[in-house]
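Text of work.pdb, listed as PDB, C-alpha atoms and all ligand atoms:
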MODEL        1
ATOM      1  CA  MET R  80     -18.813  82.315 -25.160
ATOM      2  CA  LYS R  81     -15.176  83.206 -24.734
ATOM      3  CA  SER R  82     -14.573  86.483 -22.993
ATOM      4  CA  THR R  83     -11.287  88.293 -22.829
ATOM      5  CA  PRO R  84      -9.748  87.518 -19.461
ATOM      6  CA  PRO R  85      -9.233  90.445 -17.101
ATOM      7  CA  THR R  86      -5.755  89.211 -16.217
ATOM      8  CA  LYS R  87      -2.918  91.436 -17.373
ATOM      9  CA  ARG R  88      -1.560  88.738 -19.714
ATOM     10  CA  PRO R  89      -2.889  85.214 -20.437
ATOM     11  CA  THR R  90      -2.475  82.807 -17.520
ATOM     12  CA  ASP R  91      -1.965  79.039 -17.513
ATOM     13  CA  ALA R  92      -5.612  78.633 -16.598
ATOM     14  CA  ALA R  93      -6.683  80.307 -19.840
ATOM     15  CA  HIS R  94      -5.015  77.466 -21.735
ATOM     16  CA  LEU R  95      -6.841  74.663 -19.932
ATOM     17  CA  ASP R  96      -9.706  73.149 -21.826
ATOM     18  CA  ASP R  97     -12.425  73.085 -19.161
ATOM     19  CA  GLU R  98     -15.130  71.607 -21.369
ATOM     20  CA  SER R  99     -13.350  68.297 -21.998
ATOM     21  CA  ARG R 100     -12.747  67.673 -18.307
ATOM     22  CA  SER R 101     -15.529  66.350 -16.084
ATOM     23  CA  LEU R 102     -14.572  65.773 -12.494
ATOM     24  CA  PRO R 103     -15.770  62.676 -10.619
ATOM     25  CA  THR R 104     -17.384  64.594  -7.749
ATOM     26  CA  GLU R 105     -19.302  61.459  -6.693
ATOM     27  CA  LEU R 106     -15.992  60.059  -5.426
ATOM     28  CA  LEU R 107     -15.798  62.799  -2.790
ATOM     29  CA  ASN R 108     -18.563  61.134  -0.800
ATOM     30  CA  LEU R 109     -18.198  57.525  -1.856
ATOM     31  CA  PRO R 110     -18.473  55.321   1.247
ATOM     32  CA  TRP R 111     -15.949  52.500   1.603
ATOM     33  CA  ILE R 112     -15.270  49.409   3.692
ATOM     34  CA  ASP R 113     -11.885  48.256   4.966
ATOM     35  CA  GLY R 114     -11.968  44.453   5.022
ATOM     36  CA  HIS R 115      -8.723  43.982   6.926
ATOM     37  CA  ASN R 116      -7.301  46.231   9.593
ATOM     38  CA  HIS R 117      -6.364  46.173  13.259
ATOM     39  CA  ALA R 118      -8.105  49.442  14.131
ATOM     40  CA  HIS R 119      -8.820  48.321  17.698
ATOM     41  CA  THR R 120      -5.055  48.726  18.287
ATOM     42  CA  LEU R 121      -4.955  52.265  16.847
ATOM     43  CA  SER R 122      -5.545  55.554  18.611
ATOM     44  CA  TRP R 123      -8.983  57.130  18.940
ATOM     45  CA  GLU R 124      -7.838  59.836  16.535
ATOM     46  CA  ASP R 125      -6.817  57.272  13.925
ATOM     47  CA  ARG R 126     -10.242  55.667  14.102
ATOM     48  CA  GLU R 127     -11.751  59.131  13.795
ATOM     49  CA  ARG R 128      -9.714  59.550  10.598
ATOM     50  CA  TYR R 129     -11.488  56.486   9.201
ATOM     51  CA  ALA R 130     -14.857  58.045   9.997
ATOM     52  CA  LEU R 131     -13.905  61.488   8.692
ATOM     53  CA  SER R 132     -12.839  60.081   5.345
ATOM     54  CA  GLY R 133     -16.005  58.111   4.684
ATOM     55  CA  CYS R 134     -15.384  54.658   6.121
ATOM     56  CA  GLU R 135     -18.718  52.892   6.439
ATOM     57  CA  GLY R 136     -17.507  49.566   7.830
ATOM     58  CA  MET R 137     -14.420  47.608   8.748
ATOM     59  CA  VAL R 138     -13.276  44.142   9.741
ATOM     60  CA  MET R 139     -10.941  44.457  12.723
ATOM     61  CA  VAL R 140      -8.710  41.415  12.718
ATOM     62  CA  ALA R 141      -7.684  39.939  16.071
ATOM     63  CA  SER R 142      -5.142  37.222  15.445
ATOM     64  CA  GLY R 143      -1.744  38.833  15.070
ATOM     65  CA  TYR R 144       1.199  37.539  17.043
ATOM     66  CA  HIS R 145       2.527  41.102  17.282
ATOM     67  CA  TRP R 146       0.246  41.624  20.236
ATOM     68  CA  THR R 147       0.985  38.498  22.249
ATOM     69  CA  PRO R 148       3.576  39.697  24.754
ATOM     70  CA  TYR R 149       5.004  36.269  25.621
ATOM     71  CA  LYS R 150       7.056  34.289  23.135
ATOM     72  CA  PRO R 151       6.719  31.401  22.452
ATOM     73  CA  ALA R 152       2.978  31.972  22.335
ATOM     74  CA  ARG R 153       0.268  29.844  23.904
ATOM     75  CA  ALA R 154      -3.409  29.462  23.082
ATOM     76  CA  GLU R 155      -4.436  31.656  26.002
ATOM     77  CA  ASP R 156      -2.357  34.552  24.625
ATOM     78  CA  VAL R 157      -4.242  34.536  21.332
ATOM     79  CA  ARG R 158      -7.553  34.047  23.064
ATOM     80  CA  TYR R 159      -6.842  37.179  25.060
ATOM     81  CA  LEU R 160      -6.544  39.053  21.737
ATOM     82  CA  TRP R 161      -9.947  37.790  20.657
ATOM     83  CA  ASP R 162     -11.525  38.776  23.966
ATOM     84  CA  ASP R 163      -9.874  42.179  23.899
ATOM     85  CA  ALA R 164     -11.290  42.871  20.426
ATOM     86  CA  ILE R 165     -14.755  41.735  21.490
ATOM     87  CA  ASN R 166     -14.475  43.983  24.514
ATOM     88  CA  ARG R 167     -13.531  47.037  22.426
ATOM     89  CA  ARG R 168     -15.739  46.602  19.373
ATOM     90  CA  ALA R 169     -19.087  47.950  20.546
ATOM     91  CA  ALA R 170     -17.470  51.013  22.132
ATOM     92  CA  ILE R 171     -15.616  51.719  18.887
ATOM     93  CA  GLU R 172     -18.810  51.505  16.873
ATOM     94  CA  ARG R 173     -20.663  53.780  19.279
ATOM     95  CA  ASN R 174     -17.862  56.341  19.121
ATOM     96  CA  HIS R 175     -17.358  56.501  15.382
ATOM     97  CA  PHE R 176     -20.637  55.312  13.771
ATOM     98  CA  PHE R 177     -19.036  53.010  11.173
ATOM     99  CA  GLU R 178     -19.945  49.323  11.395
ATOM    100  CA  ALA R 179     -17.059  47.625  13.188
ATOM    101  CA  ARG R 180     -16.979  43.853  12.760
ATOM    102  CA  LEU R 181     -14.414  41.235  13.739
ATOM    103  CA  GLY R 182     -12.171  38.647  12.170
ATOM    104  CA  LEU R 183     -10.808  36.090  14.637
ATOM    105  CA  GLY R 184      -8.061  33.693  13.693
ATOM    106  CA  ILE R 185      -4.917  31.775  14.467
ATOM    107  CA  HIS R 186      -1.994  33.402  12.694
ATOM    108  CA  THR R 187       0.970  31.168  11.908
ATOM    109  CA  GLY R 188       3.654  33.859  12.091
ATOM    110  CA  VAL R 189       4.632  32.530  15.521
ATOM    111  CA  ARG R 190       4.336  28.897  16.606
ATOM    112  CA  ILE R 191       1.566  28.425  19.148
ATOM    113  CA  GLN R 192       2.361  25.631  21.538
ATOM    114  CA  ASN R 193      -1.161  24.243  22.022
ATOM    115  CA  PRO R 194      -3.181  25.387  18.983
ATOM    116  CA  ASP R 195      -5.881  22.714  19.295
ATOM    117  CA  GLU R 196      -7.199  24.437  22.403
ATOM    118  CA  LEU R 197      -7.761  27.544  20.310
ATOM    119  CA  LEU R 198      -9.461  25.659  17.499
ATOM    120  CA  ASN R 199     -11.827  24.048  19.994
ATOM    121  CA  ALA R 200     -12.740  27.418  21.503
ATOM    122  CA  MET R 201     -13.087  29.090  18.122
ATOM    123  CA  ALA R 202     -16.299  27.300  17.153
ATOM    124  CA  ASP R 203     -18.226  29.178  19.849
ATOM    125  CA  TYR R 204     -16.663  32.518  18.922
ATOM    126  CA  CYS R 205     -17.780  32.016  15.317
ATOM    127  CA  GLU R 206     -21.400  31.988  16.522
ATOM    128  CA  LEU R 207     -21.181  35.648  17.553
ATOM    129  CA  ASP R 208     -22.955  38.082  15.221
ATOM    130  CA  GLU R 209     -20.019  40.475  15.240
ATOM    131  CA  VAL R 210     -17.601  37.814  13.960
ATOM    132  CA  VAL R 211     -17.876  38.096  10.174
ATOM    133  CA  ALA R 212     -14.647  36.369   9.143
ATOM    134  CA  VAL R 213     -12.102  33.779  10.195
ATOM    135  CA  GLY R 214      -8.526  34.984   9.954
ATOM    136  CA  GLU R 215      -6.124  36.299   9.196
ATOM    137  CA  THR R 216      -4.359  33.001   8.793
ATOM    138  CA  GLY R 217      -2.460  31.016   6.178
ATOM    139  CA  VAL R 218       0.758  29.040   5.886
ATOM    140  CA  THR R 219       3.852  31.237   6.266
ATOM    141  CA  PRO R 220       7.340  30.269   5.070
ATOM    142  CA  SER R 221       9.141  31.441   8.211
ATOM    143  CA  GLN R 222       8.196  32.339  11.752
ATOM    144  CA  HIS R 223       9.120  34.811  14.401
ATOM    145  CA  VAL R 224      10.834  33.392  17.543
ATOM    146  CA  GLU R 225      10.055  29.705  16.963
ATOM    147  CA  ALA R 226       9.690  27.796  13.687
ATOM    148  CA  TRP R 227       6.430  25.953  12.975
ATOM    149  CA  ASP R 228       6.448  22.775  10.915
ATOM    150  CA  VAL R 229       4.638  23.246   7.572
ATOM    151  CA  ASP R 230       2.318  20.254   7.993
ATOM    152  CA  GLU R 231       1.288  21.448  11.439
ATOM    153  CA  GLN R 232       0.637  24.959  10.103
ATOM    154  CA  ARG R 233      -1.422  23.578   7.264
ATOM    155  CA  ALA R 234      -3.494  21.502   9.685
ATOM    156  CA  ILE R 235      -4.282  24.572  11.790
ATOM    157  CA  VAL R 236      -5.191  26.574   8.696
ATOM    158  CA  GLN R 237      -7.437  23.764   7.472
ATOM    159  CA  GLY R 238      -9.079  23.436  10.887
ATOM    160  CA  GLN R 239     -10.047  27.114  10.756
ATOM    161  CA  MET R 240     -11.309  26.721   7.205
ATOM    162  CA  GLU R 241     -13.522  23.823   8.284
ATOM    163  CA  LEU R 242     -15.074  26.023  10.964
ATOM    164  CA  ALA R 243     -15.578  28.802   8.423
ATOM    165  CA  ALA R 244     -17.160  26.415   5.913
ATOM    166  CA  ALA R 245     -19.531  25.041   8.548
ATOM    167  CA  ARG R 246     -20.728  28.570   9.393
ATOM    168  CA  ASP R 247     -20.478  30.047   5.901
ATOM    169  CA  LEU R 248     -17.930  32.638   7.032
ATOM    170  CA  PRO R 249     -15.266  34.022   4.700
ATOM    171  CA  VAL R 250     -11.597  33.366   5.493
ATOM    172  CA  ILE R 251      -9.038  36.184   5.352
ATOM    173  CA  LEU R 252      -5.759  34.738   4.137
ATOM    174  CA  HIS R 253      -2.503  36.333   5.130
ATOM    175  CA  THR R 254      -0.464  35.787   1.966
ATOM    176  CA  PRO R 255       3.281  36.397   2.362
ATOM    177  CA  ASN R 256       4.700  39.305   0.384
ATOM    178  CA  THR R 257       7.875  39.262  -1.625
ATOM    179  CA  SER R 258       8.629  42.952  -1.335
ATOM    180  CA  ALA R 259      11.670  43.769  -3.388
ATOM    181  CA  ASP R 260      13.745  45.625  -0.890
ATOM    182  CA  GLY R 261      17.020  46.401  -2.691
ATOM    183  CA  GLY R 262      18.971  49.371  -1.517
ATOM    184  CA  ARG R 263      20.825  50.010   1.661
ATOM    185  CA  SER R 264      20.011  48.147   4.864
ATOM    186  CA  TYR R 265      19.755  49.552   8.374
ATOM    187  CA  ARG R 266      21.891  48.650  11.388
ATOM    188  CA  PRO R 267      20.508  45.207  12.330
ATOM    189  CA  GLU R 268      20.291  46.105  16.022
ATOM    190  CA  LEU R 269      17.767  48.845  15.137
ATOM    191  CA  GLY R 270      15.448  46.653  13.083
ATOM    192  CA  THR R 271      13.216  48.352  10.513
ATOM    193  CA  PRO R 272      12.263  51.914  11.495
ATOM    194  CA  GLY R 273       8.485  52.173  11.386
ATOM    195  CA  TYR R 274       7.932  48.537  12.309
ATOM    196  CA  GLU R 275       8.044  47.424  15.942
ATOM    197  CA  LYS R 276       9.437  43.951  15.492
ATOM    198  CA  ASN R 277      12.615  42.331  16.673
ATOM    199  CA  THR R 278      13.816  41.179  13.266
ATOM    200  CA  THR R 279      16.785  39.336  14.773
ATOM    201  CA  LEU R 280      14.276  36.752  16.077
ATOM    202  CA  GLY R 281      13.306  35.680  12.544
ATOM    203  CA  GLN R 282      13.694  31.898  12.169
ATOM    204  CA  PRO R 283      15.138  29.979   9.222
ATOM    205  CA  PRO R 284      12.404  29.193   6.664
ATOM    206  CA  VAL R 285      10.401  25.972   6.947
ATOM    207  CA  LEU R 286       9.424  26.162   3.280
ATOM    208  CA  ALA R 287      12.242  26.040   0.779
ATOM    209  CA  GLY R 288      12.094  26.151  -3.020
ATOM    210  CA  GLU R 289      12.182  28.881  -5.573
ATOM    211  CA  ASN R 290       9.079  30.775  -4.512
ATOM    212  CA  PRO R 291       8.122  29.935  -0.916
ATOM    213  CA  ALA R 292       5.669  32.865  -0.703
ATOM    214  CA  LEU R 293       3.640  31.425  -3.591
ATOM    215  CA  GLU R 294       4.033  27.844  -2.340
ATOM    216  CA  SER R 295       2.423  28.939   0.938
ATOM    217  CA  VAL R 296      -0.603  30.261  -0.921
ATOM    218  CA  LYS R 297      -0.929  27.044  -2.895
ATOM    219  CA  LEU R 298      -0.881  25.063   0.362
ATOM    220  CA  ASP R 299      -3.663  27.325   1.656
ATOM    221  CA  PHE R 300      -5.844  26.449  -1.322
ATOM    222  CA  GLU R 301      -5.123  22.732  -0.899
ATOM    223  CA  ALA R 302      -6.301  23.166   2.680
ATOM    224  CA  ALA R 303      -9.430  25.016   1.480
ATOM    225  CA  ARG R 304     -10.279  22.142  -0.874
ATOM    226  CA  ASP R 305      -9.750  19.561   1.881
ATOM    227  CA  ALA R 306     -11.853  21.662   4.253
ATOM    228  CA  GLY R 307     -14.716  21.900   1.752
ATOM    229  CA  LEU R 308     -14.456  25.699   1.785
ATOM    230  CA  ASP R 309     -15.780  27.375  -1.345
ATOM    231  CA  GLU R 310     -13.002  29.449  -2.942
ATOM    232  CA  THR R 311     -15.386  32.377  -3.348
ATOM    233  CA  ARG R 312     -15.358  32.544   0.475
ATOM    234  CA  VAL R 313     -11.605  33.158   0.556
ATOM    235  CA  VAL R 314     -10.121  36.672   0.560
ATOM    236  CA  ALA R 315      -6.405  36.604  -0.198
ATOM    237  CA  SER R 316      -5.084  39.678   1.589
ATOM    238  CA  HIS R 317      -1.686  41.195   0.741
ATOM    239  CA  ALA R 318      -2.179  40.253  -2.925
ATOM    240  CA  ASP R 319       0.888  41.234  -4.929
ATOM    241  CA  GLU R 320       2.690  40.726  -8.216
ATOM    242  CA  ASN R 321       3.978  37.364  -7.048
ATOM    243  CA  ASN R 322       0.556  35.807  -6.403
ATOM    244  CA  THR R 323      -1.997  37.748  -8.482
ATOM    245  CA  GLU R 324      -1.757  35.585 -11.601
ATOM    246  CA  TYR R 325      -2.081  32.329  -9.646
ATOM    247  CA  LEU R 326      -4.968  33.605  -7.530
ATOM    248  CA  MET R 327      -6.843  35.048 -10.513
ATOM    249  CA  GLU R 328      -6.308  32.199 -12.933
ATOM    250  CA  GLU R 329      -6.188  29.109 -10.728
ATOM    251  CA  THR R 330      -8.701  29.986  -7.994
ATOM    252  CA  ASP R 331     -12.063  31.753  -7.572
ATOM    253  CA  CYS R 332     -11.108  33.753  -4.489
ATOM    254  CA  TYR R 333     -11.134  37.511  -3.909
ATOM    255  CA  LEU R 334      -7.845  39.407  -3.953
ATOM    256  CA  SER R 335      -7.381  42.197  -1.429
ATOM    257  CA  TYR R 336      -4.498  44.567  -2.054
ATOM    258  CA  THR R 337      -3.032  45.961   1.153
ATOM    259  CA  ILE R 338      -2.142  49.620   0.686
ATOM    260  CA  GLY R 339      -1.938  51.019   4.234
ATOM    261  CA  HIS R 340       1.823  50.422   4.490
ATOM    262  CA  SER R 341       3.097  50.781   0.933
ATOM    263  CA  TRP R 342       6.468  51.938   2.248
ATOM    264  CA  LEU R 343       7.003  48.409   3.622
ATOM    265  CA  ILE R 344       5.469  46.016   1.097
ATOM    266  CA  GLY R 345       5.508  48.189  -2.004
ATOM    267  CA  ILE R 346       1.841  47.784  -3.018
ATOM    268  CA  ASP R 347      -0.149  50.886  -3.918
ATOM    269  CA  ALA R 348      -3.069  52.106  -6.023
ATOM    270  CA  GLU R 349      -1.080  51.619  -9.216
ATOM    271  CA  ASP R 350      -0.925  47.848  -8.604
ATOM    272  CA  VAL R 351      -4.658  47.829  -7.955
ATOM    273  CA  ALA R 352      -5.340  49.775 -11.163
ATOM    274  CA  ASN R 353      -3.195  47.336 -13.155
ATOM    275  CA  ALA R 354      -5.079  44.368 -11.693
ATOM    276  CA  ILE R 355      -8.458  45.961 -12.499
ATOM    277  CA  ASP R 356      -7.320  46.636 -16.072
ATOM    278  CA  GLU R 357      -6.263  43.054 -16.511
ATOM    279  CA  TYR R 358      -8.950  41.112 -14.645
ATOM    280  CA  GLY R 359     -11.859  43.506 -14.030
ATOM    281  CA  PRO R 360     -13.100  44.714 -10.624
ATOM    282  CA  GLU R 361     -15.314  41.709  -9.760
ATOM    283  CA  ARG R 362     -12.879  39.923  -7.442
ATOM    284  CA  ILE R 363     -10.726  42.821  -6.261
ATOM    285  CA  MET R 364     -10.740  44.717  -2.955
ATOM    286  CA  ILE R 365      -8.424  47.073  -1.088
ATOM    287  CA  ASP R 366      -7.561  46.920   2.594
ATOM    288  CA  THR R 367      -5.360  49.044   4.853
ATOM    289  CA  ASP R 368      -4.038  46.515   7.421
ATOM    290  CA  CYS R 369      -3.548  49.588   9.647
ATOM    291  CA  ALA R 370      -2.117  48.650  13.039
ATOM    292  CA  ASN R 371      -0.323  50.304  15.909
ATOM    293  CA  VAL R 372       2.903  48.311  15.488
ATOM    294  CA  LEU R 373       3.862  49.909  12.212
ATOM    295  CA  ARG R 374       3.644  53.125  10.255
ATOM    296  CA  THR R 375       0.242  52.929   8.535
ATOM    297  CA  ASP R 376      -2.230  55.299   6.939
ATOM    298  CA  PRO R 377      -5.932  55.285   7.891
ATOM    299  CA  TYR R 378      -6.577  57.546   4.859
ATOM    300  CA  ALA R 379      -5.087  55.001   2.452
ATOM    301  CA  ILE R 380      -8.373  53.839   0.923
ATOM    302  CA  LYS R 381      -9.744  57.366   0.552
ATOM    303  CA  ARG R 382      -6.528  58.406  -1.182
ATOM    304  CA  ALA R 383      -6.664  55.315  -3.390
ATOM    305  CA  ILE R 384     -10.208  56.164  -4.506
ATOM    306  CA  PHE R 385      -8.877  59.356  -6.113
ATOM    307  CA  GLU R 386      -5.677  57.740  -7.319
ATOM    308  CA  LEU R 387      -7.518  54.907  -9.091
ATOM    309  CA  TYR R 388      -9.587  57.490 -10.971
ATOM    310  CA  ARG R 389      -6.436  59.383 -11.972
ATOM    311  CA  TYR R 390      -5.016  56.090 -13.266
ATOM    312  CA  GLY R 391      -8.026  55.754 -15.559
ATOM    313  CA  ILE R 392     -10.342  53.466 -13.566
ATOM    314  CA  ASP R 393     -14.025  54.355 -13.928
ATOM    315  CA  PRO R 394     -16.100  55.348 -10.854
ATOM    316  CA  GLU R 395     -18.340  52.244 -11.071
ATOM    317  CA  SER R 396     -15.331  49.936 -10.850
ATOM    318  CA  ILE R 397     -13.907  51.942  -7.955
ATOM    319  CA  ARG R 398     -17.202  51.652  -6.113
ATOM    320  CA  ARG R 399     -17.227  47.908  -6.711
ATOM    321  CA  VAL R 400     -13.702  47.496  -5.324
ATOM    322  CA  VAL R 401     -13.900  49.725  -2.242
ATOM    323  CA  LEU R 402     -17.540  49.221  -1.254
ATOM    324  CA  GLU R 403     -19.629  46.551  -2.963
ATOM    325  CA  ASN R 404     -17.193  43.631  -2.920
ATOM    326  CA  PRO R 405     -16.254  43.871   0.757
ATOM    327  CA  ARG R 406     -19.880  44.623   1.667
ATOM    328  CA  ASP R 407     -21.118  41.475  -0.054
ATOM    329  CA  VAL R 408     -18.331  39.170   1.113
ATOM    330  CA  TYR R 409     -18.465  40.187   4.792
ATOM    331  CA  GLY R 410     -22.221  40.763   4.889
ATOM    332  CA  PHE R 411     -22.341  44.467   5.793
ATOM    333  CA  ALA R 412     -25.706  46.188   5.572
ATOM    334  CA  GLU R 413     -26.617  47.786   2.231
TER     335      GLU R 413
HETATM  336 ZN    ZN Z   1      -3.126  42.189   9.239
ENDMDL
END
Could I get this file's structure written as structure tokens?
Amino acid sequence: MKSTPPTKRPTDAAHLDDESRSLPTELLNLPWIDGHNHAHTLSWEDRERYALSGCEGMVMVASGYHWTPYKPARAEDVRYLWDDAINRRAAIERNHFFEARLGLGIHTGVRIQNPDELLNAMADYCELDEVVAVGETGVTPSQHVEAWDVDEQRAIVQGQMELAAARDLPVILHTPNTSADGGRSYRPELGTPGYEKNTTLGQPPVLAGENPALESVKLDFEAARDAGLDETRVVASHADENNTEYLMEETDCYLSYTIGHSWLIGIDAEDVANAIDEYGPERIMIDTDCANVLRTDPYAIKRAIFELYRYGIDPESIRRVVLENPRDVYGFAE
């Protein structure tokens, strides 16, 4: 029944067709899991933001060279990161109620002088219940501070994959992004605002060729094959336009799109929606990669849930991408 509106003259609202629009209210309370972040380095309030916006679980990754104060880095520096994360994890869970799990790995963004010591120690760490993934790791085309020979990197990546295969743990790959950064650059002595990193310490690349970022990923999958690691146990984080086609068509891994720092790497919900349209939601996830060393958004996944719907993705597919896939791969409780 259409009644005459009491407004003085017709308003915009009177022209909206309410009947044809059904709102996806189930998305307001849809729980989600962040399969790759560094939330143990964030503030208490940031972790509270995860809880407030419906985060049910997360994999806090302890492997990043950003947090080793001494450069060049040694095994003991990375091991400290692992121990620090183990030390913080239970307290974080008790404070915020989401399931906080760990990923431990040897990142190749900085050369580690004695990596075999780490690999040897890692086997015991992988026995811990709270360790649900190995990583983030993966061959990188250029390092910070000190270059690392490609064959040596690949060997360390493969060694971690062998451990993961032996314990049926998934591996989080750090795939290098090729963010198109055109536009004006900042004064080099100031680095990139929003990213605490001394960019002048970047080393010349150890991988040449037309597409070193993609070459790195291909080396990772060679290593996975040699390690006997099932490709369905690999999560390629930082998926982007440069690697999506290869990962989807040539491998069986999961692709995780990192959207917590879109301002830096240029990936957002639109890229995720395009990938779902093209390949379906079965092998797609979203992660935030939130960390204290750069400008990141703990609300990124919650925002993306709404944005994916606006881009035409159905609620079942959204649920698959933000909840079911990471839950199944990392073994979170149903
Ligand atoms: Zn990360």
Next item on the list: Select, from R:Met240, R:Cys205, R:Val285, R:Val211, the residue with the minimum atom-to-atom distance to Gly188 (chain R), counting only C-alpha atoms.
Entry: R:Val285
Check: Mind telling me what the PyMOL selection byres (((not hetatm)) within 8 of (chain Z and resi 1)) catches here, as a PyMOL selection string?
Finding: chain R and resi 115-117+140+143+215+253+368-370
Margin query: Applying 9 Å and only C-alpha atoms, which residues near Ser396 (chain R) remain after dropping the ones on its own chain fewer than 2 positions away? List them as a PyMOL selection string.
Written below: chain R and resi 355+359-361+392-394+398-401
Next item on the list: Can you work out the spacing between CA of Pro249 (chain R) and CA of Asn322 (chain R) in Å, to one decimal?
Entry: 19.4 Å
Note to self: Just want the 9 Å neighbourhood of Asp299 (chain R), counted on all atoms listed in the file, with same-chain residues fewer than 2 positions away dropped. Output as a list of chain:residue names.
What the structure shows: R:Gly217, R:Val218, R:Arg233, R:Val236, R:Gln237, R:Leu252, R:Glu294, R:Ser295, R:Val296, R:Lys297, R:Glu301, R:Ala302, R:Ala303, R:Arg304
Incomplete region 105-119 of chain R brought to N, CA, C and O atoms, written out as a short mmCIF file (atom, residue, chain, number, x, y, z; two decimals), in the frame of the given file:
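As written to disk, selection.cif reads:
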data_model
loop_
_atom_site.label_atom_id
_atom_site.label_comp_id
_atom_site.auth_asym_id
_atom_site.auth_seq_id
_atom_site.Cartn_x
_atom_site.Cartn_y
_atom_site.Cartn_z
N GLU R 105 -18.65 62.51 -7.51
CA GLU R 105 -19.30 61.46 -6.69
C GLU R 105 -18.28 60.71 -5.83
O GLU R 105 -18.64 60.13 -4.81
N LEU R 106 -17.01 60.76 -6.21
CA LEU R 106 -15.99 60.06 -5.43
C LEU R 106 -15.70 60.76 -4.10
O LEU R 106 -15.16 60.17 -3.17
N LEU R 107 -16.06 62.05 -4.02
CA LEU R 107 -15.80 62.80 -2.79
C LEU R 107 -16.56 62.21 -1.61
O LEU R 107 -16.09 62.25 -0.48
N ASN R 108 -17.73 61.66 -1.89
CA ASN R 108 -18.56 61.13 -0.80
C ASN R 108 -18.82 59.64 -0.92
O ASN R 108 -19.77 59.13 -0.34
N LEU R 109 -17.99 58.97 -1.69
CA LEU R 109 -18.20 57.52 -1.86
C LEU R 109 -17.85 56.80 -0.56
O LEU R 109 -16.72 56.88 -0.07
N PRO R 110 -18.81 56.09 0.04
CA PRO R 110 -18.47 55.32 1.25
C PRO R 110 -17.58 54.13 0.89
O PRO R 110 -17.59 53.68 -0.26
N TRP R 111 -16.84 53.64 1.87
CA TRP R 111 -15.95 52.50 1.60
C TRP R 111 -15.84 51.62 2.83
O TRP R 111 -16.17 52.04 3.95
N ILE R 112 -15.39 50.39 2.61
CA ILE R 112 -15.27 49.41 3.69
C ILE R 112 -13.85 48.84 3.67
O ILE R 112 -13.34 48.46 2.61
N ASP R 113 -13.24 48.81 4.84
CA ASP R 113 -11.88 48.26 4.97
C ASP R 113 -12.00 46.83 5.51
O ASP R 113 -12.29 46.63 6.69
N GLY R 114 -11.76 45.85 4.65
CA GLY R 114 -11.97 44.45 5.02
C GLY R 114 -10.86 43.82 5.84
O GLY R 114 -10.96 42.65 6.22
N HIS R 115 -9.80 44.55 6.11
CA HIS R 115 -8.72 43.98 6.93
C HIS R 115 -7.93 45.12 7.55
O HIS R 115 -7.18 45.80 6.87
N ASN R 116 -8.18 45.33 8.85
CA ASN R 116 -7.30 46.23 9.59
C ASN R 116 -7.22 45.76 11.04
O ASN R 116 -7.80 44.74 11.40
N HIS R 117 -6.48 46.49 11.83
CA HIS R 117 -6.36 46.17 13.26
C HIS R 117 -6.67 47.47 14.02
O HIS R 117 -5.91 47.90 14.89
N ALA R 118 -7.79 48.10 13.63
CA ALA R 118 -8.10 49.44 14.13
C ALA R 118 -8.33 49.48 15.64
O ALA R 118 -8.21 50.53 16.25
N HIS R 119 -8.64 48.33 16.23
CA HIS R 119 -8.82 48.32 17.70
C HIS R 119 -7.48 48.55 18.41
O HIS R 119 -7.47 48.80 19.60
#
